[in-house]
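Below is one structure; the comments refer to it alone.
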Amino acid sequence: MQLIKAFFKQYPAQCLVVWSCLIVASIAEGLSLSTLLPMLSIATGNQSGMVDEKTSDFLTAALHDLAISPTIGTMVLIVLVGLVIKALLTLLAYRQVGFTVAAIATDVRLAFLRALSASRWEYFLRQRTGRLANSISTEASSSASAFQSVAALAALLSQSVVFIGVALLINWRIALLALAVGAVIFGLLKVMVSISRDAGGRQKGLFQQLMSLMTDSLSSLKPLKSMAREGEMDDLLERQTRELNATMRTQVLASEVLKAMQELLIGLVLVAGVAVSLLIWKLQLAEIMVLTIVLARMLTRLSKVQQEYQKLASKEAFYWAMTEAVDEARAAREQPFGSRTPTLTSGIHLAALDFGYGDSRVLEQFELEIPAGEVTALIGPSGAGKTTAVDLIIGLLRAGKGDVLVDGVPLTDIDIRKWRGMIGYVPQDTVLLHDTILNNVRIGNADITEADALWALDKAGASGFVAELEEGANTVVGEHGARFSGGQRQRIVIARALAHRPKLLILDEATSALDPATERAVSQTLRGLGRDYTVLAISHRPTLMELADHVYRIENGKAWRLNRDQASAEAG
Ligand SMILES: Nc1ncnc2c1ncn2[C@@H]1O[C@H](COP(=O)(O)OP(=O)(O)OP(=O)(O)O)[C@@H](O)[C@H]1O
């Protein structure tokens, strides 16, 4: 019920169109069906006696008011018009349902992606890739298809109400009896709906786990396979897949048992009803025929209401999981920054910063100067906080105390998107998209021209190997850049960071996969970029350290500036 309310709240106009079409369609079908009875009466030449007097009077009076003479011809026409109206309106309603299902899938996906990209970096880091992928694919699709079930439920309900009305008009005692029987069947088979709901809930959890495990295993498959240690991962994946299979079987079984039991019980009730009507109540054949049609349809519709409700129950968990994921990401929204336009002419100063992840302190009273137009290198033991310092400069993390000052302006006062637009970032792990080299360089910025991309490839020392490729910069790099060596991939990523001509170039162990000669060439390029570029490099590589104007050692939560001799000694 809550799900129906949620859809109504979010898509009121669409719900209204769907439901009004479906209700009018049901009324049209009901009217055409009600016409069957007087038609049969006329056909059998028996105007009275075989139907409830009031019903007959009501239909005859209605036709009389509309100046329609109750001949077989007009009756057939009414039945046909009713059926055509029903068909057209149902088509219209389901067309709208299809559009709304697509809109819901798109809306929830976009809402999730937007909330995720606006969320705090720490929140993003905590997410499992598989869980995110599952939300975007399985949960979004199942959430949207839940609307289909809601619409079908509405259609079946309104049809049921109309059939109940028609049945009551024909013979209210029998109709009430049939309704009571329907309610008993409903009650008896309710347990099947609960089984489906539980199975849906378990399926949702298993999908999340399976997708997370799947992405984790794929990303660490090479080392595990190389050491013949993929077995445990395979077993775990297999176990989860089998568990998922078990929940699907439960769901299929519950739905088939529900259908079969409904059919059986309704059949039995109808047969018993016909026998009692003929033998005990001694009703006319025409009335029994119409009653059987109407009651069969009413009970079938009611049973379908339960079947559809069962489907909805099994999808519900996916919708709520998706809503929860969106709400959670929204709650973790990045705190707002200011609106000042950044400049980088004098430098960046990390002033008395305190930062920790949860309770574990990483930086304390941390001081660092990064002069504009120069190369600054950060070295230090693993886990000392080098990447953390860089993330604070980018504004991905926020310090508990102290400031990141850019040309003297606190980063919190600056338009963060403009600031990040001035940064070229090269990570340690090179991630390339399955696309051409050119598109991998241009990515994320439509303003980068082909000439910019080629210039950047040249600056990154990549133009040599790109020129040797048959399709040059239009060569597709393969899945994760599998066609290229680690060093070649890294040069493409360096080109990506240079292509929009950033003011601040950040390299996080970015030259680690380059051979010494290429590393020297790339480092010289960075050096030669001139005073327009400020370079901040996390690196233990001697070449970069020798080239750097300033070298800082980060240790025990603080940064220590090294003099030339100390830096040379570190460089080994
Ligand atoms: N998202 C996180 N949540 C919790 N702790 C974190 C997180 N990221 C880093 N840390 C911890 O903060 C400390 C500093 O990490 P950081 O990545 O900044 O170090 P680093 O000097 O860049 O290390 P490395 O040279 O190994 O990359 C480490 O102890 C690390 O375990």
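Order determines the names: the first chain of the structure tokens is A, the second B, and so forth; residues in each chain are numbered 1 upward, and ligands are numbered 1 upward as they are shown.
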
Quiz prompt | Within 8 Å of ligand 1, counting only C-alpha atoms and all ligand atoms, residues as number ranges by chain | solution = A: 122, 125-126, 356-358, 360-362, 379-389, 554

Exercise. List the neighbours of Met322 of chain A out to 7 Å using only C-alpha atoms; skip same-chain residues closer than 2 positions along the sequence, and give me the result as a PyMOL selection string.
Key: chain A and resi 135+139-140+318-320+324-326

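Distance check against Leu454 of chain A using only C-alpha atoms: of A:Leu244, A:Ile164, A:Ala254, A:Ile437, the minimum falls on A:Ile437.
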
Quiz item: Please, which residues of segment 136-366 of chain A, numbered as in this document, come out alpha helix (DSSP H) from DSSP, as a PyMOL selection string?
Solution: chain A and resi 140-219+221-226+231-279+285-331

Quiz prompt | Neighbour list for Gly402 of chain A as a list of chain:residue names, cut-off 7 Å, only C-alpha atoms, skip fewer than 6 positions in-chain | solution =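 The residues satisfying every condition are A:Ala351, A:Ala352, A:Leu353, A:Asp354.
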
Since we have the selection now, will you write its residues out, keeping N, CA and C atoms, as a PDB file, in the first residue's frame?
ATOM      1  N   ALA A 351      47.185  25.452   6.207  1.00  0.00           N
ATOM      2  CA  ALA A 351      47.505  26.174   7.444  1.00  0.00           C
ATOM      3  C   ALA A 351      46.912  25.498   8.669  1.00  0.00           C
ATOM      4  N   ALA A 352      47.789  24.972   9.508  1.00  0.00           N
ATOM      5  CA  ALA A 352      47.414  24.374  10.801  1.00  0.00           C
ATOM      6  C   ALA A 352      46.218  23.424  10.688  1.00  0.00           C
ATOM      7  N   LEU A 353      46.352  22.480   9.742  1.00  0.00           N
ATOM      8  CA  LEU A 353      45.233  21.547   9.486  1.00  0.00           C
ATOM      9  C   LEU A 353      45.225  20.374  10.464  1.00  0.00           C
ATOM     10  N   ASP A 354      44.026  20.040  10.907  1.00  0.00           N
ATOM     11  CA  ASP A 354      43.830  18.794  11.660  1.00  0.00           C
ATOM     12  C   ASP A 354      42.871  17.944  10.847  1.00  0.00           C
TER      13      ASP A 354
END

Exercise. Mind checking which residues fall within 9 Å of segment 524-532 of chain A, counting only C-alpha atoms, ignoring those fewer than 5 positions away in the same chain, and posting them as a VMD selection string?
Key: chain A and resid 345 372 to 375 459 to 461 502 to 505 519 544 547 to 548

Practice problem: Would you please work out which residue, of A:Tyr533, A:Gly444, A:Leu498, A:Leu92, is nearest to Ser346 of chain A when using only C-alpha atoms? | Solution: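 Closest candidate: A:Tyr533.
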
Quiz prompt | For Thr106 of chain A: contacts at 10 Å, only C-alpha atoms, fewer than 5 positions along chain excluded, given as a list of chain:residue names | solution =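 Near Thr106 of chain A, the qualifying residues are A:Thr100, A:Val101, A:Ala111, A:Phe112, A:Ile136, A:Ala140, A:Ser141, A:Ala144.
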
Exercise. Do a neighbour search on segment 486-488 of chain A at 10 Å with only C-alpha atoms, toss out local chain neighbours closer than 4 positions, and write the hits as number ranges by chain.
Key: A: 429-430, 460-462, 465-466, 481-482, 492-494, 510-515, 518-519

Quiz item: Can you list, as a VMD selection string, every protein, DNA or RNA residue that comes within 7 Å of segment 291-303 of chain A when you count only C-alpha atoms, leaving out same-chain residues fewer than 4 positions away?
Solution: chain A and resid 156 160 163 to 164 167 182 262 266 287 307

Practice problem: Determine the nearest neighbour of Ala246 of chain A from the options A:Ile288, A:Val551, A:Ala199, A:Ile443, counting only C-alpha atoms. | Solution: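 Of all the options, A:Ala199 lies closest to Ala246 of chain A.
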
Self-check item: d(atom CA of Glu570 of chain A, atom CA of Gly347 of chain A) in Å
Solution: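 These atoms are spaced 25.1 Å apart.
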